[in-house]
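Listing of upload.pdb; format and content: PDB, C-alpha atoms and all ligand atoms.
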```
ATOM      1  CA  MET K   1     107.027  99.645 103.103  1.00  0.00           C
ATOM      2  CA  ILE K   2     104.455  97.859 105.214  1.00  0.00           C
ATOM      3  CA  GLY K   3     101.428  99.937 105.956  1.00  0.00           C
ATOM      4  CA  ALA K   4      98.322 101.829 105.157  1.00  0.00           C
ATOM      5  CA  THR K   5      98.295 104.961 103.061  1.00  0.00           C
ATOM      6  CA  GLU K   6      99.573 107.336 105.752  1.00  0.00           C
ATOM      7  CA  HIS K   7     102.790 106.713 107.694  1.00  0.00           C
ATOM      8  CA  PRO K   8     102.642 107.898 111.310  1.00  0.00           C
ATOM      9  CA  GLY K   9     105.210 110.551 112.015  1.00  0.00           C
ATOM     10  CA  SER K  10     105.946 111.380 108.404  1.00  0.00           C
ATOM     11  CA  GLY K  11     102.560 112.002 106.780  1.00  0.00           C
ATOM     12  CA  GLU K  12     103.981 110.123 103.839  1.00  0.00           C
ATOM     13  CA  LYS K  13     101.991 107.991 101.360  1.00  0.00           C
ATOM     14  CA  ARG K  14     102.665 104.254 101.518  1.00  0.00           C
ATOM     15  CA  SER K  15     101.419 101.246  99.575  1.00  0.00           C
ATOM     16  CA  ALA K  16      97.646 100.934  99.345  1.00  0.00           C
ATOM     17  CA  ALA K  17      95.409  97.899  98.976  1.00  0.00           C
ATOM     18  CA  GLY K  18      94.887  96.643  95.449  1.00  0.00           C
ATOM     19  CA  GLU K  19      98.127  97.995  94.027  1.00  0.00           C
ATOM     20  CA  THR K  20     100.504  96.241  91.654  1.00  0.00           C
ATOM     21  CA  VAL K  21     103.994  96.029  93.147  1.00  0.00           C
ATOM     22  CA  VAL K  22     107.122  94.765  91.391  1.00  0.00           C
ATOM     23  CA  VAL K  23     110.194  93.782  93.423  1.00  0.00           C
ATOM     24  CA  TYR K  24     113.542  93.471  91.621  1.00  0.00           C
ATOM     25  CA  GLY K  25     115.805  91.154  93.610  1.00  0.00           C
ATOM     26  CA  VAL K  26     114.262  88.945  96.301  1.00  0.00           C
ATOM     27  CA  GLY K  27     117.279  88.351  98.523  1.00  0.00           C
ATOM     28  CA  GLY K  28     117.303  89.121 102.233  1.00  0.00           C
ATOM     29  CA  VAL K  29     115.922  92.632 101.763  1.00  0.00           C
ATOM     30  CA  GLY K  30     113.637  92.127  98.766  1.00  0.00           C
ATOM     31  CA  ILE K  31     111.866  89.112 100.269  1.00  0.00           C
ATOM     32  CA  ASN K  32     110.708  91.454 103.025  1.00  0.00           C
ATOM     33  CA  ALA K  33     109.506  93.995 100.472  1.00  0.00           C
ATOM     34  CA  VAL K  34     107.355  91.129  99.153  1.00  0.00           C
ATOM     35  CA  GLN K  35     106.036  90.454 102.661  1.00  0.00           C
ATOM     36  CA  GLY K  36     105.419  94.171 103.211  1.00  0.00           C
ATOM     37  CA  ALA K  37     103.476  94.455  99.972  1.00  0.00           C
ATOM     38  CA  ARG K  38     101.369  91.444 100.999  1.00  0.00           C
ATOM     39  CA  CYS K  39     100.611  92.948 104.429  1.00  0.00           C
ATOM     40  CA  ALA K  40      99.680  96.251 102.756  1.00  0.00           C
ATOM     41  CA  GLY K  41      97.141  94.408 100.589  1.00  0.00           C
ATOM     42  CA  ALA K  42      98.773  94.595  97.165  1.00  0.00           C
ATOM     43  CA  ALA K  43      96.718  92.763  94.559  1.00  0.00           C
ATOM     44  CA  ARG K  44      99.645  91.732  92.356  1.00  0.00           C
ATOM     45  CA  ILE K  45     103.121  91.193  93.752  1.00  0.00           C
ATOM     46  CA  VAL K  46     105.595  90.454  90.983  1.00  0.00           C
ATOM     47  CA  ALA K  47     109.042  89.226  92.017  1.00  0.00           C
ATOM     48  CA  VAL K  48     112.021  89.256  89.636  1.00  0.00           C
ATOM     49  CA  ASP K  49     115.247  87.420  90.456  1.00  0.00           C
ATOM     50  CA  PRO K  50     117.610  85.214  88.415  1.00  0.00           C
ATOM     51  CA  VAL K  51     117.770  82.629  91.224  1.00  0.00           C
ATOM     52  CA  ARG K  52     114.814  80.230  91.126  1.00  0.00           C
ATOM     53  CA  PHE K  53     114.855  79.044  94.749  1.00  0.00           C
ATOM     54  CA  LYS K  54     114.523  82.660  95.937  1.00  0.00           C
ATOM     55  CA  LEU K  55     111.454  83.060  93.750  1.00  0.00           C
ATOM     56  CA  ASP K  56     110.009  79.837  95.196  1.00  0.00           C
ATOM     57  CA  LEU K  57     110.276  81.283  98.720  1.00  0.00           C
ATOM     58  CA  ALA K  58     108.878  84.607  97.464  1.00  0.00           C
ATOM     59  CA  GLU K  59     105.800  82.702  96.234  1.00  0.00           C
ATOM     60  CA  GLN K  60     105.351  81.121  99.670  1.00  0.00           C
ATOM     61  CA  LEU K  61     105.572  84.542 101.340  1.00  0.00           C
ATOM     62  CA  GLY K  62     103.239  86.490  99.091  1.00  0.00           C
ATOM     63  CA  ALA K  63     104.519  86.943  95.529  1.00  0.00           C
ATOM     64  CA  THR K  64     101.637  86.308  93.144  1.00  0.00           C
ATOM     65  CA  HIS K  65     103.853  86.046  90.044  1.00  0.00           C
ATOM     66  CA  THR K  66     107.580  85.345  89.699  1.00  0.00           C
ATOM     67  CA  PHE K  67     110.058  85.755  86.853  1.00  0.00           C
ATOM     68  CA  THR K  68     113.730  85.034  86.319  1.00  0.00           C
ATOM     69  CA  ASP K  69     113.641  87.377  83.322  1.00  0.00           C
ATOM     70  CA  ALA K  70     112.846  91.111  83.654  1.00  0.00           C
ATOM     71  CA  ALA K  71     111.493  91.407  80.084  1.00  0.00           C
ATOM     72  CA  GLU K  72     108.965  88.636  80.786  1.00  0.00           C
ATOM     73  CA  ALA K  73     107.932  90.398  84.005  1.00  0.00           C
ATOM     74  CA  HIS K  74     107.435  93.620  82.049  1.00  0.00           C
ATOM     75  CA  ALA K  75     105.271  91.888  79.422  1.00  0.00           C
ATOM     76  CA  PHE K  76     103.190  90.277  82.180  1.00  0.00           C
ATOM     77  CA  VAL K  77     102.582  93.605  83.945  1.00  0.00           C
ATOM     78  CA  VAL K  78     101.577  95.297  80.671  1.00  0.00           C
ATOM     79  CA  GLU K  79      99.134  92.474  79.913  1.00  0.00           C
ATOM     80  CA  SER K  80      97.666  92.000  83.398  1.00  0.00           C
ATOM     81  CA  THR K  81      97.120  95.722  84.098  1.00  0.00           C
ATOM     82  CA  TRP K  82      95.734  96.432  80.611  1.00  0.00           C
ATOM     83  CA  GLY K  83      98.653  98.780  80.003  1.00  0.00           C
ATOM     84  CA  ARG K  84      98.226 100.792  83.195  1.00  0.00           C
ATOM     85  CA  LEU K  85     101.501  99.315  84.504  1.00  0.00           C
ATOM     86  CA  ALA K  86     102.649  98.956  88.119  1.00  0.00           C
ATOM     87  CA  ASP K  87     101.972 101.351  91.000  1.00  0.00           C
ATOM     88  CA  VAL K  88     105.276 100.644  92.715  1.00  0.00           C
ATOM     89  CA  ALA K  89     108.628  99.158  91.661  1.00  0.00           C
ATOM     90  CA  ILE K  90     111.101  98.357  94.432  1.00  0.00           C
ATOM     91  CA  CYS K  91     114.802  97.923  93.614  1.00  0.00           C
ATOM     92  CA  THR K  92     116.462  95.481  96.018  1.00  0.00           C
ATOM     93  CA  VAL K  93     119.000  93.799  93.734  1.00  0.00           C
ATOM     94  CA  GLY K  94     122.435  93.031  95.141  1.00  0.00           C
ATOM     95  CA  VAL K  95     124.228  95.752  93.144  1.00  0.00           C
ATOM     96  CA  MET K  96     122.145  98.523  91.611  1.00  0.00           C
ATOM     97  CA  ASP K  97     122.845  99.554  88.028  1.00  0.00           C
ATOM     98  CA  ALA K  98     121.285 101.639  85.266  1.00  0.00           C
ATOM     99  CA  GLU K  99     119.712  98.584  83.608  1.00  0.00           C
ATOM    100  CA  VAL K 100     117.651  97.685  86.692  1.00  0.00           C
ATOM    101  CA  MET K 101     116.770 101.357  87.255  1.00  0.00           C
ATOM    102  CA  ASN K 102     115.425 101.637  83.704  1.00  0.00           C
ATOM    103  CA  GLN K 103     113.471  98.374  84.094  1.00  0.00           C
ATOM    104  CA  ALA K 104     111.926  99.680  87.320  1.00  0.00           C
ATOM    105  CA  VAL K 105     111.055 103.104  85.925  1.00  0.00           C
ATOM    106  CA  ASN K 106     109.605 101.682  82.709  1.00  0.00           C
ATOM    107  CA  ILE K 107     107.370  99.209  84.553  1.00  0.00           C
ATOM    108  CA  THR K 108     105.656 101.929  86.628  1.00  0.00           C
ATOM    109  CA  GLY K 109     102.550 103.654  85.330  1.00  0.00           C
ATOM    110  CA  LYS K 110     101.025 107.084  85.831  1.00  0.00           C
ATOM    111  CA  ARG K 111     102.246 108.615  89.123  1.00  0.00           C
ATOM    112  CA  GLY K 112     104.093 105.352  89.808  1.00  0.00           C
ATOM    113  CA  ARG K 113     106.702 105.212  92.551  1.00  0.00           C
ATOM    114  CA  VAL K 114     110.161 103.748  92.095  1.00  0.00           C
ATOM    115  CA  VAL K 115     111.805 102.827  95.388  1.00  0.00           C
ATOM    116  CA  LEU K 116     115.590 102.741  95.392  1.00  0.00           C
ATOM    117  CA  THR K 117     116.863 100.596  98.256  1.00  0.00           C
ATOM    118  CA  ALA K 118     119.779  98.790  96.593  1.00  0.00           C
ATOM    119  CA  MET K 119     123.236 100.304  96.616  1.00  0.00           C
ATOM    120  CA  GLY K 120     125.273 100.655  93.428  1.00  0.00           C
ATOM    121  CA  LYS K 121     128.992 100.897  92.891  1.00  0.00           C
ATOM    122  CA  ALA K 122     130.291 104.298  94.007  1.00  0.00           C
ATOM    123  CA  ASP K 123     131.800 105.090  90.588  1.00  0.00           C
ATOM    124  CA  ASP K 124     128.785 103.870  88.546  1.00  0.00           C
ATOM    125  CA  PRO K 125     126.135 106.525  87.797  1.00  0.00           C
ATOM    126  CA  HIS K 126     123.275 104.035  88.090  1.00  0.00           C
ATOM    127  CA  ILE K 127     120.519 106.557  87.504  1.00  0.00           C
ATOM    128  CA  VAL K 128     120.682 107.540  83.841  1.00  0.00           C
ATOM    129  CA  LEU K 129     117.165 108.164  82.525  1.00  0.00           C
ATOM    130  CA  PRO K 130     115.410 109.949  79.702  1.00  0.00           C
ATOM    131  CA  GLY K 131     113.465 112.804  81.319  1.00  0.00           C
ATOM    132  CA  GLY K 132     110.474 112.869  78.949  1.00  0.00           C
ATOM    133  CA  PRO K 133     108.701 109.657  80.083  1.00  0.00           C
ATOM    134  CA  LEU K 134     109.405 110.560  83.729  1.00  0.00           C
ATOM    135  CA  LEU K 135     107.584 113.853  83.193  1.00  0.00           C
ATOM    136  CA  ILE K 136     104.706 112.495  81.113  1.00  0.00           C
ATOM    137  CA  PHE K 137     103.984 109.648  83.552  1.00  0.00           C
ATOM    138  CA  GLN K 138     104.584 111.879  86.601  1.00  0.00           C
ATOM    139  CA  ARG K 139     106.703 109.094  88.072  1.00  0.00           C
ATOM    140  CA  ARG K 140     108.539 109.535  91.356  1.00  0.00           C
ATOM    141  CA  ILE K 141     111.852 108.054  92.482  1.00  0.00           C
ATOM    142  CA  GLN K 142     112.277 107.629  96.236  1.00  0.00           C
ATOM    143  CA  GLY K 143     115.537 106.699  97.945  1.00  0.00           C
ATOM    144  CA  VAL K 144     114.997 104.616 101.074  1.00  0.00           C
ATOM    145  CA  LEU K 145     117.237 103.944 104.059  1.00  0.00           C
ATOM    146  CA  CYS K 146     116.327 101.142 106.519  1.00  0.00           C
ATOM    147  CA  GLY K 147     112.834 100.799 105.040  1.00  0.00           C
ATOM    148  CA  ASN K 148     112.127 104.488 105.672  1.00  0.00           C
ATOM    149  CA  THR K 149     111.052 103.443 109.125  1.00  0.00           C
ATOM    150  CA  ASN K 150     110.194 105.396 112.226  1.00  0.00           C
ATOM    151  CA  PRO K 151     111.854 102.926 114.674  1.00  0.00           C
ATOM    152  CA  LEU K 152     109.762 103.950 117.699  1.00  0.00           C
ATOM    153  CA  TYR K 153     106.583 103.139 115.828  1.00  0.00           C
ATOM    154  CA  ASP K 154     107.652 100.528 113.275  1.00  0.00           C
ATOM    155  CA  ILE K 155     109.812  98.120 115.280  1.00  0.00           C
ATOM    156  CA  PRO K 156     107.046  97.280 117.805  1.00  0.00           C
ATOM    157  CA  ARG K 157     104.614  96.996 114.904  1.00  0.00           C
ATOM    158  CA  LEU K 158     106.933  94.646 112.976  1.00  0.00           C
ATOM    159  CA  LEU K 159     107.395  92.533 116.129  1.00  0.00           C
ATOM    160  CA  ARG K 160     103.614  92.356 116.540  1.00  0.00           C
ATOM    161  CA  LEU K 161     103.233  91.237 112.929  1.00  0.00           C
ATOM    162  CA  TYR K 162     105.962  88.606 113.444  1.00  0.00           C
ATOM    163  CA  ARG K 163     104.276  87.268 116.586  1.00  0.00           C
ATOM    164  CA  MET K 164     100.952  87.159 114.743  1.00  0.00           C
ATOM    165  CA  GLY K 165     102.614  85.124 111.967  1.00  0.00           C
ATOM    166  CA  GLU K 166     101.913  87.840 109.419  1.00  0.00           C
ATOM    167  CA  ILE K 167     105.572  88.259 108.562  1.00  0.00           C
ATOM    168  CA  LYS K 168     107.997  85.347 108.524  1.00  0.00           C
ATOM    169  CA  LEU K 169     111.593  85.736 109.610  1.00  0.00           C
ATOM    170  CA  ASP K 170     112.741  82.255 110.717  1.00  0.00           C
ATOM    171  CA  GLU K 171     111.818  80.882 107.299  1.00  0.00           C
ATOM    172  CA  LEU K 172     114.293  83.308 105.687  1.00  0.00           C
ATOM    173  CA  ILE K 173     117.308  81.575 107.260  1.00  0.00           C
ATOM    174  CA  THR K 174     118.696  79.117 104.714  1.00  0.00           C
ATOM    175  CA  ARG K 175     121.704  78.098 106.795  1.00  0.00           C
ATOM    176  CA  ARG K 176     123.353  78.748 110.147  1.00  0.00           C
ATOM    177  CA  TYR K 177     127.156  78.940 110.436  1.00  0.00           C
ATOM    178  CA  ARG K 178     129.582  78.795 113.307  1.00  0.00           C
ATOM    179  CA  LEU K 179     131.938  81.736 113.563  1.00  0.00           C
ATOM    180  CA  ASP K 180     134.827  79.642 112.194  1.00  0.00           C
ATOM    181  CA  GLN K 181     132.692  78.956 109.068  1.00  0.00           C
ATOM    182  CA  ILE K 182     132.352  82.656 108.272  1.00  0.00           C
ATOM    183  CA  ASN K 183     134.292  82.423 104.989  1.00  0.00           C
ATOM    184  CA  GLU K 184     132.011  79.607 103.808  1.00  0.00           C
ATOM    185  CA  GLY K 185     129.064  81.863 104.694  1.00  0.00           C
ATOM    186  CA  TYR K 186     130.441  84.692 102.573  1.00  0.00           C
ATOM    187  CA  GLN K 187     131.118  82.295  99.695  1.00  0.00           C
ATOM    188  CA  ASP K 188     127.544  80.935  99.838  1.00  0.00           C
ATOM    189  CA  LEU K 189     126.287  84.540  99.850  1.00  0.00           C
ATOM    190  CA  LEU K 190     128.328  85.338  96.740  1.00  0.00           C
ATOM    191  CA  ASP K 191     127.184  82.105  95.061  1.00  0.00           C
ATOM    192  CA  GLY K 192     123.496  82.987  95.646  1.00  0.00           C
ATOM    193  CA  LYS K 193     122.928  79.895  97.808  1.00  0.00           C
ATOM    194  CA  ASN K 194     121.348  81.659 100.786  1.00  0.00           C
ATOM    195  CA  MET K 195     118.262  83.719 101.324  1.00  0.00           C
ATOM    196  CA  ARG K 196     119.864  84.606 104.636  1.00  0.00           C
ATOM    197  CA  GLY K 197     122.857  82.962 106.256  1.00  0.00           C
ATOM    198  CA  VAL K 198     123.356  83.734 109.937  1.00  0.00           C
ATOM    199  CA  ILE K 199     126.222  83.139 112.342  1.00  0.00           C
ATOM    200  CA  ILE K 200     124.969  81.587 115.556  1.00  0.00           C
ATOM    201  CA  ASP K 201     127.468  79.822 117.817  1.00  0.00           C
ATOM    202  CA  GLU K 202     125.183  77.418 119.599  1.00  0.00           C
ATOM    203  CA  ASP K 203     127.872  75.271 121.301  1.00  0.00           C
TER     204      ASP K 203
HETATM  205  N1  LIG K 301     118.754 101.206 101.734  1.00  0.00           N
HETATM  206  C1  LIG K 301     118.998 100.494 102.815  1.00  0.00           C
HETATM  207  O1  LIG K 301     118.696 100.876 103.946  1.00  0.00           O
HETATM  208  C2  LIG K 301     119.631  99.135 102.651  1.00  0.00           C
HETATM  209  C3  LIG K 301     119.729  98.257 103.759  1.00  0.00           C
HETATM  210  C4  LIG K 301     120.283  96.991 103.554  1.00  0.00           C
HETATM  211  C5  LIG K 301     120.736  96.628 102.299  1.00  0.00           C
HETATM  212  N2  LIG K 301     120.640  97.530 101.265  1.00  0.00           N
HETATM  213  C6  LIG K 301     121.047  97.165  99.902  1.00  0.00           C
HETATM  214  O2  LIG K 301     119.952  96.414  99.377  1.00  0.00           O
HETATM  215  C7  LIG K 301     120.459  95.535  98.360  1.00  0.00           C
HETATM  216  C8  LIG K 301     119.968  94.115  98.616  1.00  0.00           C
HETATM  217  O3  LIG K 301     120.564  93.601  99.796  1.00  0.00           O
HETATM  218  P1  LIG K 301     120.361  92.061 100.188  1.00  0.00           P
HETATM  219  O4  LIG K 301     121.004  91.878 101.508  1.00  0.00           O
HETATM  220  O5  LIG K 301     118.936  91.670  99.999  1.00  0.00           O
HETATM  221  O6  LIG K 301     121.242  91.351  99.069  1.00  0.00           O
HETATM  222  P2  LIG K 301     121.096  89.810  98.578  1.00  0.00           P
HETATM  223  O7  LIG K 301     122.391  89.481  97.916  1.00  0.00           O
HETATM  224  O8  LIG K 301     120.600  88.946  99.695  1.00  0.00           O
HETATM  225  O9  LIG K 301     119.904  89.878  97.491  1.00  0.00           O
HETATM  226  C9  LIG K 301     120.051  90.483  96.235  1.00  0.00           C
HETATM  227  C10 LIG K 301     119.179  89.712  95.256  1.00  0.00           C
HETATM  228  O10 LIG K 301     119.203  90.385  93.987  1.00  0.00           O
HETATM  229  C11 LIG K 301     119.180  89.396  92.973  1.00  0.00           C
HETATM  230  N3  LIG K 301     119.617  90.023  91.728  1.00  0.00           N
HETATM  231  C12 LIG K 301     120.880  90.315  91.320  1.00  0.00           C
HETATM  232  N4  LIG K 301     120.849  90.940  90.125  1.00  0.00           N
HETATM  233  C13 LIG K 301     119.537  91.070  89.782  1.00  0.00           C
HETATM  234  C14 LIG K 301     118.855  91.626  88.663  1.00  0.00           C
HETATM  235  N5  LIG K 301     119.519  92.231  87.667  1.00  0.00           N
HETATM  236  N6  LIG K 301     117.488  91.564  88.634  1.00  0.00           N
HETATM  237  C15 LIG K 301     116.795  90.980  89.655  1.00  0.00           C
HETATM  238  N7  LIG K 301     117.408  90.433  90.733  1.00  0.00           N
HETATM  239  C16 LIG K 301     118.746  90.477  90.798  1.00  0.00           C
HETATM  240  C17 LIG K 301     120.089  88.291  93.524  1.00  0.00           C
HETATM  241  O11 LIG K 301     119.882  87.036  92.892  1.00  0.00           O
HETATM  242  C18 LIG K 301     119.677  88.279  94.996  1.00  0.00           C
HETATM  243  O12 LIG K 301     118.624  87.347  95.236  1.00  0.00           O
HETATM  244  C19 LIG K 301     121.980  95.682  98.382  1.00  0.00           C
HETATM  245  O13 LIG K 301     122.351  96.599  97.369  1.00  0.00           O
HETATM  246  C20 LIG K 301     122.248  96.262  99.753  1.00  0.00           C
HETATM  247  O14 LIG K 301     123.452  97.004  99.781  1.00  0.00           O
HETATM  248  C21 LIG K 301     120.082  98.754 101.426  1.00  0.00           C
END
```
Translate this file's structure into structure tokens.
Amino acid sequence: MIGATEHPGSGEKRSAAGETVVVYGVGGVGINAVQGARCAGAARIVAVDPVRFKLDLAEQLGATHTFTDAAEAHAFVVESTWGRLADVAICTVGVMDAEVMNQAVNITGKRGRVVLTAMGKADDPHIVLPGGPLLIFQRRIQGVLCGNTNPLYDIPRLLRLYRMGEIKLDELITRRYRLDQINEGYQDLLDGKNMRGVIIDED
């Protein structure tokens, strides 16, 4: 999602400067959506996550406003955009469901884009929406795999941004585990204790 308005190789529209972007779920993937929105020049970057320490890191990496409660985030976006609502809502929660999808769709304004990155349960139809508002607002829903990247172009560019200090990766590692601590790592992941836990056997 990092970029100017035109994505090389795809001709596709990406985030533009001055936009309002809302990210639902700032775990390992969503925190990078926050960084991408910052690099793209978003004016307001609103992060929503029930876990406070993840929001604290999101603020350090570019979120301008953070909320543990989606209804409060919605009220803020209505107020701060004078009812025009967000340009982009990005869904990066751990498990996608219809509630988050409706929050994301309802927070986007005219011709707003809803980006679906998070996976849902296979047997849960997590896109259940009234069609009328979708039509009236001319909203779009975009599924995204691996950031919708063109690896030949984007990976060198992301590495350049990392080397320039524009995107932070080391800061995302909450804890390192040895291989024999892997179960502890999974438990910490499930308990919401890590932004990113990594297994590095340094001995
Ligand atoms: N499309 C792709 O290419 C791709 C690639 C990798 C991961 N994923 C998917 O992206 C999602 C996120 O992955 P991750 O590794 O960042 O997971 P994660 O567990 O690190 O982060 C998920 C975050 O969502 C938050 N959250 C949970 N419920 C929420 C809610 N209702 N509202 C707001 N926040 C909520 C959690 O507190 C957590 O911080 C997963 O569904 C994963 O399967 C997709």
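For the residues K:Thr81, K:Leu116, K:Asn32, K:Leu190, ranking by smallest atom-to-atom distance to K:Gly143 using all atoms listed in the file places K:Leu116 first.
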For each of K:Gly62, K:Gly27, K:Pro125, K:Gly109, take the minimum atom-to-atom distance to K:Gly83, counting all atoms listed in the file, then give the residue where this is smallest. K:Gly109
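For K:Glu19, the list of residues within 10 Å, based on only C-alpha atoms and with local chain neighbours fewer than 5 positions off taken out, reads Ala37, Ala40, Gly41, Ala42, Ala43, Arg44, Ile45, Ala86, Asp87 and Val88 of chain K.
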When the PyMOL selection byres (((chain K and resi 104) around 12) and not hetatm) is applied to the structure above, which residues does it catch, written out as a PyMOL selection string? chain K and resi 21-25+46-48+70-71+73-74+77+85-93+96-103+105-109+112-116+127+129+134+139-142
Would you mind reading off the distance between atom CA of K:Ile31 and atom CA of K:Tyr177, one decimal, in Å?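 So the answer is 21.0 Å.
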Show me which residues sit within 7 Å of ligand LIG 301 (chain K) when counting only C-alpha atoms and all ligand atoms, and put them as number ranges by chain. K: 24-30, 48-51, 54, 70, 92-96, 100, 117-120, 144-147, 189, 192, 195-196
Please write out, as lines of an AutoDock Vina configuration file, where the centre of an axis-aligned box around all listed atoms of stretch 169-184 of chain K lies and how long its edges are, in Å to one decimal, after adding 8 Å on each side.
```
center_x = 123.2
center_y = 81.9
center_z = 108.7
size_x = 39.2
size_y = 23.6
size_z = 25.8
```
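Atom CA of K:Thr174 sits 8.1 Å away from atom CA of K:Lys193.
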Written as a ChimeraX atom specification, which residues does the PyMOL selection byres (((chain K and resi 60) around 12) and not hetatm) give for the file shown? /K:31,34-35,38,45,47,53-59,61-66,167-168,171-172
Show me, as a list in words, the residues that have an atom within 12 Å of stretch 157-161 of chain K when counting only C-alpha atoms, minus same-chain residues fewer than 3 positions from it. Met1, Ile2, Gly3, Pro8, Asn32, Gln35, Gly36, Cys39, Ala40, Gly147, Thr149, Asn150, Pro151, Leu152, Tyr153, Asp154, Met164, Gly165, Glu166, Ile167, Lys168 and Leu169 of chain K
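Put simply, atom CA of K:Pro156 is 17.6 Å away from atom CA of K:Asp170.
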Shortest interatomic distance to K:Arg176 - which of K:Glu202, K:Ile155, K:Tyr162, K:Asp69, counting only C-alpha atoms: K:Glu202
Just the residues within 12 Å of K:Asp201, please, counting all atoms listed in the file, with nothing from its chain fewer than 5 positions along; format it as number ranges by chain. K: 176-182
Closest of K:Ile173, K:Ala122, K:Ile199, K:Ala17 to K:Gly185, counting all atoms listed in the file, is K:Ile199
